[in-house]
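The structure file coords.txt is reproduced below (compact mmCIF, C-alpha atoms and all ligand atoms).
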```
# COMPACT_ATOMS: atom_id res chain seq x y z
CA MET A 22 -20.65 16.30 13.37
CA SER A 23 -18.20 13.92 14.92
CA VAL A 24 -15.29 12.76 12.81
CA ARG A 25 -14.76 9.01 12.47
CA LEU A 26 -11.69 7.90 14.41
CA ILE A 27 -9.70 4.92 13.13
CA ALA A 28 -6.66 4.10 15.24
CA THR A 29 -4.07 2.35 13.11
CA GLU A 30 -1.33 0.88 15.36
CA GLU A 31 -3.23 -1.00 18.00
CA ALA A 32 -1.56 -3.98 19.58
CA TRP A 33 -3.14 -7.32 20.38
CA GLN A 34 -1.90 -10.69 21.50
CA ILE A 35 -3.04 -14.31 21.73
CA PRO A 36 -2.08 -16.77 24.49
CA GLU A 37 -0.40 -19.19 22.05
CA VAL A 38 2.09 -16.55 20.85
CA ALA A 39 2.50 -15.20 24.41
CA ALA A 40 3.58 -18.70 25.53
CA GLU A 41 6.21 -18.92 22.78
CA LEU A 42 7.49 -15.45 23.63
CA GLN A 43 7.89 -16.50 27.25
CA LYS A 44 10.03 -19.44 26.04
CA ALA A 45 12.02 -17.15 23.72
CA SER A 46 12.72 -14.77 26.58
CA ARG A 47 14.35 -17.66 28.48
CA GLY A 48 16.22 -19.05 25.45
CA PRO A 49 19.79 -18.61 24.18
CA SER A 50 19.11 -15.85 21.63
CA GLN A 51 21.14 -12.64 21.93
CA SER A 52 18.14 -10.57 20.86
CA LEU A 53 17.69 -7.31 22.71
CA ASP A 54 13.95 -8.02 22.59
CA LYS A 55 14.46 -10.41 25.49
CA LEU A 56 14.55 -7.51 27.96
CA LEU A 57 11.09 -6.18 27.18
CA VAL A 58 9.54 -9.48 26.14
CA GLY A 59 10.64 -11.09 29.41
CA GLY A 60 9.25 -8.10 31.29
CA ILE A 61 5.82 -8.61 29.76
CA TYR A 62 5.52 -12.40 29.35
CA ASP A 63 7.80 -13.82 32.02
CA ALA A 64 7.65 -11.39 34.92
CA VAL A 65 7.12 -12.28 38.54
CA GLY A 66 4.03 -10.40 39.69
CA GLY A 67 2.45 -9.90 36.26
CA GLY A 68 4.68 -7.58 34.23
CA GLU A 69 4.67 -3.93 33.33
CA SER A 70 1.62 -1.66 33.59
CA TYR A 71 0.99 1.99 32.83
CA ALA A 72 -1.94 4.20 33.84
CA GLY A 73 -3.67 1.25 35.45
CA VAL A 74 -3.41 -0.94 32.35
CA ASN A 75 -1.35 -4.10 32.63
CA PHE A 76 0.17 -4.56 29.16
CA LEU A 77 -0.35 -8.31 28.95
CA THR A 78 -3.95 -8.05 30.13
CA GLY A 79 -4.58 -5.19 27.73
CA LEU A 80 -2.99 -7.04 24.82
CA LEU A 81 -5.05 -10.20 25.33
CA ASP A 82 -8.29 -8.29 25.74
CA ILE A 83 -10.95 -7.17 23.29
CA GLU A 84 -14.20 -7.05 25.25
CA ASN A 85 -13.39 -6.15 28.85
CA GLU A 86 -11.44 -2.95 28.66
CA ARG A 87 -10.60 -2.18 25.02
CA LEU A 88 -14.12 -1.85 23.61
CA PRO A 89 -15.54 0.00 26.63
CA GLN A 90 -12.67 2.48 26.38
CA MET A 91 -13.20 2.87 22.64
CA ASP A 92 -16.85 3.66 23.39
CA ARG A 93 -15.97 6.04 26.22
CA TYR A 94 -13.44 8.08 24.23
CA GLY A 95 -15.17 7.92 20.84
CA VAL A 96 -12.72 5.66 19.01
CA ASP A 97 -14.66 4.04 16.17
CA MET A 98 -12.12 1.42 15.12
CA HIS A 99 -8.87 -0.25 16.06
CA LEU A 100 -6.73 -1.58 13.24
CA LEU A 101 -5.32 -4.49 15.25
CA SER A 102 -1.94 -6.10 14.82
CA LEU A 103 -0.19 -8.92 16.65
CA THR A 104 2.15 -7.11 19.01
CA ALA A 105 5.94 -6.83 18.66
CA PRO A 106 8.04 -8.83 17.97
CA GLY A 107 5.23 -10.87 16.42
CA VAL A 108 6.46 -14.28 15.29
CA GLN A 109 9.92 -13.04 14.34
CA MET A 110 11.87 -14.51 17.27
CA PHE A 111 10.74 -18.07 16.45
CA ASP A 112 12.10 -20.79 14.15
CA ALA A 113 10.64 -20.78 10.64
CA ASP A 114 8.11 -23.59 11.17
CA THR A 115 6.79 -22.27 14.48
CA ALA A 116 6.61 -18.75 13.06
CA THR A 117 4.79 -19.86 9.91
CA ASP A 118 2.22 -21.87 11.87
CA LEU A 119 1.63 -19.19 14.49
CA ALA A 120 1.24 -16.43 11.90
CA ALA A 121 -1.55 -18.38 10.18
CA PHE A 122 -3.14 -19.24 13.52
CA ALA A 123 -3.08 -15.62 14.66
CA ASN A 124 -4.46 -14.44 11.32
CA ASP A 125 -7.44 -16.78 11.66
CA ARG A 126 -8.15 -15.39 15.14
CA LEU A 127 -7.80 -11.83 13.96
CA ALA A 128 -10.15 -12.43 11.03
CA ASP A 129 -12.73 -13.84 13.49
CA ILE A 130 -12.60 -10.65 15.56
CA CYS A 131 -12.95 -8.47 12.46
CA ARG A 132 -15.85 -10.56 11.14
CA GLN A 133 -17.70 -10.33 14.45
CA ARG A 134 -17.41 -6.55 14.65
CA PRO A 135 -16.61 -5.13 11.23
CA ASP A 136 -17.60 -1.66 12.40
CA ARG A 137 -15.06 -1.73 15.27
CA PHE A 138 -12.07 -3.82 14.16
CA ALA A 139 -9.88 -4.25 11.13
CA GLY A 140 -6.63 -6.19 11.15
CA LEU A 141 -3.08 -6.40 9.83
CA ALA A 142 -1.97 -9.93 9.03
CA SER A 143 1.23 -11.47 10.33
CA PHE A 144 3.64 -13.44 8.18
CA ALA A 145 6.90 -15.26 8.85
CA PRO A 146 9.78 -13.73 6.86
CA GLN A 147 11.94 -16.63 8.09
CA SER A 148 10.34 -18.62 5.27
CA PRO A 149 9.66 -16.07 2.53
CA LYS A 150 7.87 -18.31 0.04
CA ARG A 151 5.47 -19.66 2.64
CA ALA A 152 5.07 -16.09 3.88
CA ALA A 153 3.94 -15.01 0.41
CA ARG A 154 1.30 -17.76 0.35
CA GLU A 155 0.01 -16.75 3.79
CA MET A 156 -0.12 -13.14 2.65
CA GLU A 157 -2.33 -14.10 -0.27
CA ARG A 158 -4.60 -16.11 2.02
CA ALA A 159 -4.80 -13.28 4.55
CA ILE A 160 -6.00 -10.76 1.99
CA ASN A 161 -8.00 -12.90 -0.46
CA ASP A 162 -9.62 -15.37 1.95
CA LEU A 163 -9.50 -13.76 5.39
CA LYS A 164 -10.11 -10.23 4.05
CA LEU A 165 -7.56 -8.69 6.38
CA ASN A 166 -6.43 -5.13 5.66
CA GLY A 167 -2.66 -5.25 5.18
CA PHE A 168 0.41 -6.64 6.93
CA ILE A 169 2.43 -6.12 10.06
CA LEU A 170 6.18 -6.70 10.14
CA ASN A 171 8.25 -6.09 13.25
CA SER A 172 11.37 -4.74 11.56
CA HIS A 173 14.41 -7.04 11.24
CA THR A 174 14.21 -10.82 11.08
CA ASN A 175 17.26 -12.57 12.54
CA ASP A 176 19.11 -9.27 12.12
CA GLU A 177 18.30 -8.99 8.40
CA TYR A 178 16.26 -6.29 6.64
CA LEU A 179 13.83 -6.15 3.72
CA ASP A 180 16.44 -4.85 1.28
CA ASP A 181 17.84 -8.42 1.35
CA PRO A 182 16.61 -10.23 -1.79
CA LYS A 183 15.78 -13.32 0.28
CA PHE A 184 12.70 -11.43 1.54
CA TRP A 185 11.54 -10.24 -1.87
CA PRO A 186 8.85 -12.91 -2.32
CA ALA A 187 7.01 -11.19 0.55
CA LEU A 188 7.46 -7.74 -1.02
CA GLU A 189 6.31 -9.07 -4.37
CA ALA A 190 3.18 -10.51 -2.72
CA ALA A 191 2.37 -7.28 -0.88
CA GLU A 192 2.76 -5.24 -4.05
CA ALA A 193 0.68 -7.63 -6.14
CA LEU A 194 -2.05 -7.66 -3.48
CA ASP A 195 -1.93 -3.86 -3.23
CA ALA A 196 -1.63 -4.29 0.54
CA CYS A 197 0.49 -2.04 2.74
CA ILE A 198 3.18 -3.45 5.07
CA TYR A 199 3.29 -1.68 8.44
CA ILE A 200 6.89 -1.88 9.67
CA HIS A 201 6.49 -1.77 13.41
CA PRO A 202 9.48 -1.62 15.76
CA ARG A 203 11.16 -4.37 17.66
CA ALA A 204 14.40 -3.97 19.60
CA PRO A 205 17.47 -3.14 17.49
CA SER A 206 19.19 -6.07 15.79
CA VAL A 207 22.15 -7.71 17.50
CA THR A 208 24.44 -5.89 15.07
CA LEU A 209 23.05 -2.51 16.18
CA LYS A 210 22.57 -3.16 19.84
CA GLY A 211 25.80 -2.24 21.71
CA PRO A 212 25.18 1.28 23.02
CA LEU A 213 21.40 0.83 22.83
CA ALA A 214 21.31 -1.88 25.49
CA ASP A 215 21.43 0.37 28.58
CA TYR A 216 19.19 2.84 30.41
CA GLY A 217 15.95 1.59 28.83
CA MET A 218 17.21 2.68 25.40
CA ASP A 219 16.52 -0.76 23.89
CA SER A 220 12.85 -0.03 23.36
CA ALA A 221 10.32 2.69 22.63
CA MET A 222 12.33 5.47 24.28
CA TRP A 223 14.97 5.36 21.51
CA GLY A 224 16.01 1.95 20.13
CA TYR A 225 12.71 1.25 18.38
CA GLY A 226 12.97 4.42 16.32
CA VAL A 227 16.63 3.83 15.45
CA GLU A 228 15.78 0.29 14.34
CA VAL A 229 12.82 1.16 12.10
CA GLY A 230 14.33 4.41 10.81
CA THR A 231 17.42 2.41 9.79
CA HIS A 232 15.20 -0.17 8.13
CA ALA A 233 13.34 2.47 6.12
CA VAL A 234 16.55 4.19 4.98
CA ARG A 235 18.11 0.82 3.99
CA MET A 236 15.09 0.10 1.82
CA MET A 237 15.17 3.49 0.11
CA ALA A 238 18.96 3.64 -0.37
CA SER A 239 19.18 0.08 -1.71
CA GLY A 240 16.73 0.75 -4.52
CA VAL A 241 14.08 -1.74 -3.35
CA PHE A 242 11.38 0.63 -4.61
CA ASP A 243 12.79 0.54 -8.15
CA ARG A 244 12.13 -3.19 -8.09
CA PHE A 245 8.71 -2.75 -6.36
CA PRO A 246 7.57 0.74 -7.39
CA ASN A 247 4.04 0.34 -6.02
CA LEU A 248 4.99 -1.17 -2.67
CA LYS A 249 3.46 0.78 0.24
CA ILE A 250 5.16 0.85 3.63
CA CYS A 251 3.68 2.39 6.76
CA ILE A 252 5.83 3.42 9.70
CA GLY A 253 4.60 4.72 13.04
CA HIS A 254 5.80 7.14 15.70
CA MET A 255 5.47 10.18 13.43
CA GLY A 256 7.69 8.54 10.84
CA GLU A 257 10.41 7.26 13.19
CA ALA A 258 12.24 10.61 12.73
CA VAL A 259 12.87 10.02 8.99
CA GLY A 260 10.63 12.94 8.00
CA PHE A 261 12.57 15.27 10.28
CA TRP A 262 15.89 14.23 8.74
CA LEU A 263 14.56 13.98 5.21
CA TRP A 264 16.36 16.96 3.74
CA ARG A 265 19.75 15.75 4.94
CA ILE A 266 19.16 12.07 4.17
CA ASN A 267 18.18 13.10 0.65
CA PHE A 268 21.12 15.46 0.16
CA MET A 269 23.68 13.05 1.55
CA ASN A 270 22.27 10.13 -0.42
CA SER A 271 22.66 12.05 -3.67
CA ARG A 272 26.25 12.84 -2.65
CA ALA A 273 26.87 9.19 -1.75
CA GLN A 274 25.44 8.11 -5.11
CA ALA A 275 27.68 10.56 -6.98
CA ALA A 276 30.70 9.22 -5.08
CA GLY A 277 29.75 5.61 -5.76
CA ARG A 278 29.11 4.81 -2.08
CA SER A 279 25.40 4.21 -2.55
CA PRO A 280 23.69 2.48 -5.50
CA LYS A 281 22.18 4.63 -8.25
CA THR A 282 18.42 4.72 -7.85
CA GLU A 283 15.67 5.86 -10.18
CA ARG A 284 14.10 8.24 -7.68
CA SER A 285 15.51 10.26 -4.79
CA ILE A 286 15.04 9.41 -1.12
CA ALA A 287 12.69 12.40 -0.79
CA GLU A 288 10.57 10.93 -3.59
CA TYR A 289 10.54 7.39 -2.20
CA PHE A 290 9.51 8.64 1.22
CA LYS A 291 6.56 10.56 -0.20
CA ASP A 292 5.54 7.98 -2.84
CA ASN A 293 6.08 4.68 -1.04
CA PHE A 294 5.61 5.50 2.64
CA VAL A 295 2.85 6.69 4.90
CA ILE A 296 3.37 7.48 8.56
CA THR A 297 1.20 7.30 11.66
CA THR A 298 1.11 9.46 14.76
CA SER A 299 1.33 6.45 17.13
CA GLY A 300 2.80 7.39 20.46
CA VAL A 301 3.70 10.98 19.47
CA GLU A 302 1.09 13.36 20.85
CA ASP A 303 2.88 16.51 19.77
CA PRO A 304 0.93 19.01 17.63
CA LEU A 305 4.09 20.64 16.29
CA ALA A 306 5.43 17.30 15.05
CA LEU A 307 2.05 16.62 13.46
CA ARG A 308 1.97 20.02 11.74
CA TYR A 309 5.47 19.56 10.38
CA SER A 310 4.72 16.04 9.12
CA ILE A 311 1.56 17.11 7.30
CA ASP A 312 3.29 20.10 5.70
CA LYS A 313 6.42 18.14 4.79
CA LEU A 314 4.95 14.81 3.63
CA GLY A 315 1.46 15.76 2.52
CA VAL A 316 -1.77 15.33 4.45
CA GLU A 317 -2.55 12.18 2.46
CA ASN A 318 0.45 10.48 4.07
CA VAL A 319 -0.33 10.93 7.78
CA LEU A 320 -2.66 8.61 9.74
CA TRP A 321 -3.78 8.82 13.35
CA ALA A 322 -2.87 6.02 15.79
CA ILE A 323 -2.78 5.46 19.53
CA ASP A 324 -0.34 2.57 20.21
CA TYR A 325 -2.76 1.03 22.71
CA PRO A 326 -2.22 -0.50 25.24
CA TYR A 327 1.37 0.77 25.50
CA GLN A 328 -0.01 4.29 25.44
CA PRO A 329 -3.39 5.16 26.91
CA MET A 330 -6.39 5.93 24.73
CA GLU A 331 -7.73 9.11 26.31
CA PRO A 332 -4.72 11.42 25.77
CA ALA A 333 -4.24 10.20 22.20
CA VAL A 334 -7.86 11.11 21.44
CA LYS A 335 -7.52 14.46 23.19
CA PHE A 336 -4.36 15.19 21.19
CA ILE A 337 -6.00 14.67 17.81
CA ALA A 338 -9.26 16.35 18.84
CA GLU A 339 -7.38 19.49 19.89
CA ALA A 340 -4.79 19.52 17.10
CA PRO A 341 -5.17 22.65 14.94
CA LEU A 342 -6.22 21.03 11.67
CA SER A 343 -8.53 22.16 8.88
CA ASP A 344 -11.68 20.08 8.40
CA ALA A 345 -10.23 18.39 5.34
CA GLU A 346 -6.99 17.59 7.18
CA ARG A 347 -8.90 16.21 10.16
CA HIS A 348 -10.96 13.86 8.00
CA ALA A 349 -7.87 12.65 6.15
CA VAL A 350 -5.76 12.02 9.26
CA CYS A 351 -8.54 10.59 11.45
CA HIS A 352 -10.08 8.15 8.96
CA GLY A 353 -9.86 8.93 5.22
CA ASN A 354 -6.23 7.93 4.78
CA ALA A 355 -6.74 4.76 6.82
CA GLU A 356 -9.74 3.83 4.68
CA ARG A 357 -7.69 4.31 1.51
CA ILE A 358 -4.42 2.68 2.60
CA PHE A 359 -5.93 -0.23 4.55
CA LYS A 360 -9.08 -0.72 2.45
CA ILE A 361 -11.49 -0.07 5.32
CA ALA A 362 -15.04 0.53 4.12
CA PRO A 363 -16.21 4.12 4.66
CA LYS A 364 -18.88 4.56 7.31
CA ALA A 365 -22.33 3.72 5.94
C1 LIG B 1 5.44 -1.33 22.03
C2 LIG B 1 5.77 -0.70 23.20
C3 LIG B 1 5.65 -2.68 21.85
C4 LIG B 1 6.32 -1.43 24.21
C5 LIG B 1 6.19 -3.43 22.84
O1 LIG B 1 6.35 -4.76 22.58
C6 LIG B 1 6.53 -2.81 24.04
C7 LIG B 1 4.84 -0.54 20.97
C8 LIG B 1 7.04 -5.60 23.41
O2 LIG B 1 4.98 0.67 20.98
O3 LIG B 1 4.18 -1.10 20.11
C9 LIG B 1 6.64 -0.73 25.45
O4 LIG B 1 6.97 -1.38 26.42
O5 LIG B 1 6.54 0.50 25.44
MN MN B 2 3.21 -0.06 18.68
```
Written as structure tokens, that's how I'd like the structure from this file.
Amino acid sequence: MSVRLIATEEAWQIPEVAAELQKASRGPSQSLDKLLVGGIYDAVGGGESYAGVNFLTGLLDIENERLPQMDRYGVDMHLLSLTAPGVQMFDADTATDLAAFANDRLADICRQRPDRFAGLASFAPQSPKRAAREMERAINDLKLNGFILNSHTNDEYLDDPKFWPALEAAEALDACIYIHPRAPSVTLKGPLADYGMDSAMWGYGVEVGTHAVRMMASGVFDRFPNLKICIGHMGEAVGFWLWRINFMNSRAQAAGRSPKTERSIAEYFKDNFVITTSGVEDPLALRYSIDKLGVENVLWAIDYPYQPMEPAVKFIAEAPLSDAERHAVCHGNAERIFKIAPKA
């Protein structure tokens, strides 16, 4: 019996957002995202490729290469999300409009092939109240499966109360927010700006790991106890540091350097977070994460097209998992967290 495979961090793009990103990459912003964004959307000769896949072509595509590869390697579904940095480099009005526009497109794709695609809705944190309304529309009307957020917005993080209307909406809708990386905020960027460290090699993990720890340490989950956050890349290293983060947070709380919270960091990470394997095809890291966080908290992902499909499938097919673990990681957890209908 073959196990259903739902890949949960699969990137996609539309030409309208690509055009704005090209403009942003030429604009005055100090964002470290300009390096990679310019390399994809504003590159002479067509931008970066890997393993024969040009990223921009792969991002814009559903039919030509993505679906045939899914068929070839046995990937049942992609949970699609508008690729990093989403709409978060734009002004509030542009971002709000483009998020809704992209969500309509994404819902069309999911409606056409409900057995192959599900989708995470975008929203514009630049305008939190309008974001909350779009989040309601995305779940209730468009029937999308959760939300994508590309970490900081104008160098600010979700512990900031200005963003709480979006967190309140996600919690009320019982819809998970996937915090995907973008380049580190301007305030973090100094030593991360060289040697390719701005992006997936290192900076992305530092950025999202920092975001997750800020949320837990600030007590956001006391205010929103049922809020679910998903982070990729085998938990952006937080699971590996969890013992020390937890110990040092309790020390910091005792010393008055960190706010008193109702639960510990170890509890928040297990109760309010799930992680995906995106881009980390390492069976030891997978084993550790399942044992440490619980098998119900680990979901398989590829990170297509930035990482190729075939090795990600091979990795999970060969990973030493029990049958129950395999079903949970490959599809059961994704069905539960992202409300994807089980296979008929
Ligand atoms: C990702 C990877 C996103 C890269 C990107 O957005 C770039 C990702 C600009 O892992 O989702 C990259 O170049 O590796
Ligand atoms: Mn990704």
Could you tell me, counting only C-alpha atoms and all ligand atoms, which protein and nucleic acid residues lie no more than 7 Å from ligand LIG 1 (chain B), written as a list in words?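 Going residue by residue within 7 Å of ligand LIG 1 (chain B), we get Ala32, Leu57, Val58, Thr104, Ala105, Pro106, Pro202, Arg203, Ser220, Ala221, Asp324 and Tyr327 of chain A.
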Please extract the residues at most 12 Å from ligand MN 2 (chain B), counting all atoms listed in the file, and provide them as JSON, numbers by chain, using the chain letters and residue numbers of this document. {"A": [28, 29, 30, 31, 32, 33, 76, 80, 100, 101, 102, 103, 104, 105, 106, 107, 169, 170, 171, 172, 199, 200, 201, 202, 203, 204, 220, 221, 225, 226, 229, 252, 253, 254, 255, 257, 297, 298, 299, 300, 301, 322, 323, 324, 325, 326, 327, 328, 329]}
Let me have the centre and edge lengths in Å, one decimal, of the box along x, y and z around every listed atom of region 63-76 of chain A with 8 Å of margin on each side, as JSON.
```
{"center_x": 2.1, "center_y": -4.8, "center_z": 34.4, "size_x": 27.5, "size_y": 34.0, "size_z": 26.5}
```
I need the residue nearest Glu37 (chain A) from this list: A:Thr78, A:Thr115, A:Asn161, A:Gln109. Use all atoms listed in the file for the distance. A:Thr115
At a cut-off of 6 Å, can you tabulate as CSV every residue of region 74-119 of chain A near region 134-138 of chain A together with its closest atom pair and the distance in Å to one decimal, using only C-alpha atoms and ordering rows by chain then number?
```
residue,atom,partner,partner_atom,distance
A:Asp97,CA,A:Arg137,CA,5.9
A:Met98,CA,A:Arg137,CA,4.3
A:His99,CA,A:Phe138,CA,5.2
A:Leu100,CA,A:Phe138,CA,5.9
```
Using all atoms listed in the file, which residues sit within 9 Å of Gly260 (chain A) once same-chain residues fewer than 2 positions away are excluded, as a list of chain:residue names?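 The filter keeps A:Met255, A:Gly256, A:Glu257, A:Ala258, A:Trp262, A:Leu263, A:Trp264, A:Phe290, A:Tyr309, A:Ser310, A:Lys313, A:Leu314.
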If you measure from CA of Asp63 (chain A) to CA of Lys210 (chain A), what distance in Å do you get, rounded to one decimal? 21.9 Å
Would you work out the distance separating CA of Ala333 (chain A) from CA of Val96 (chain A), expressed in Å to one decimal?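 Here the two named atoms are 10.1 Å from each other.
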For Ser239 (chain A), which residue among A:Val227, A:Met222, A:Lys281, A:Glu177 is the nearest when counting only C-alpha atoms?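 Closest candidate: A:Lys281.
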Skipping near chain neighbours, those fewer than 2 positions away, what residues fall within 10 Å of Lys44 (chain A) using all atoms listed in the file, listed as a list in words?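 Skipping anything fewer than 2 positions along the chain leaves Val38, Ala39, Ala40, Glu41, Leu42, Ser46, Arg47, Gly48, Pro49, Val58, Gly59, Tyr62, Asp63 and Phe111 of chain A.
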Which polymer residues, whether protein, DNA or RNA, lie within 10 Å of the coordinate (-11.0, -1.5, 6.9) when you count all atoms listed in the file? List them as number ranges by chain, using the chain letters and numbers from the file. A: 27, 98-100, 131, 135-141, 164-167, 352, 355-364
Nearest to Met269 (chain A), chosen from A:Pro332, A:Arg151, A:Lys183, A:Ser285, with only C-alpha atoms counted in the distances: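 Selected residue with least distance to Met269 (chain A): A:Ser285.
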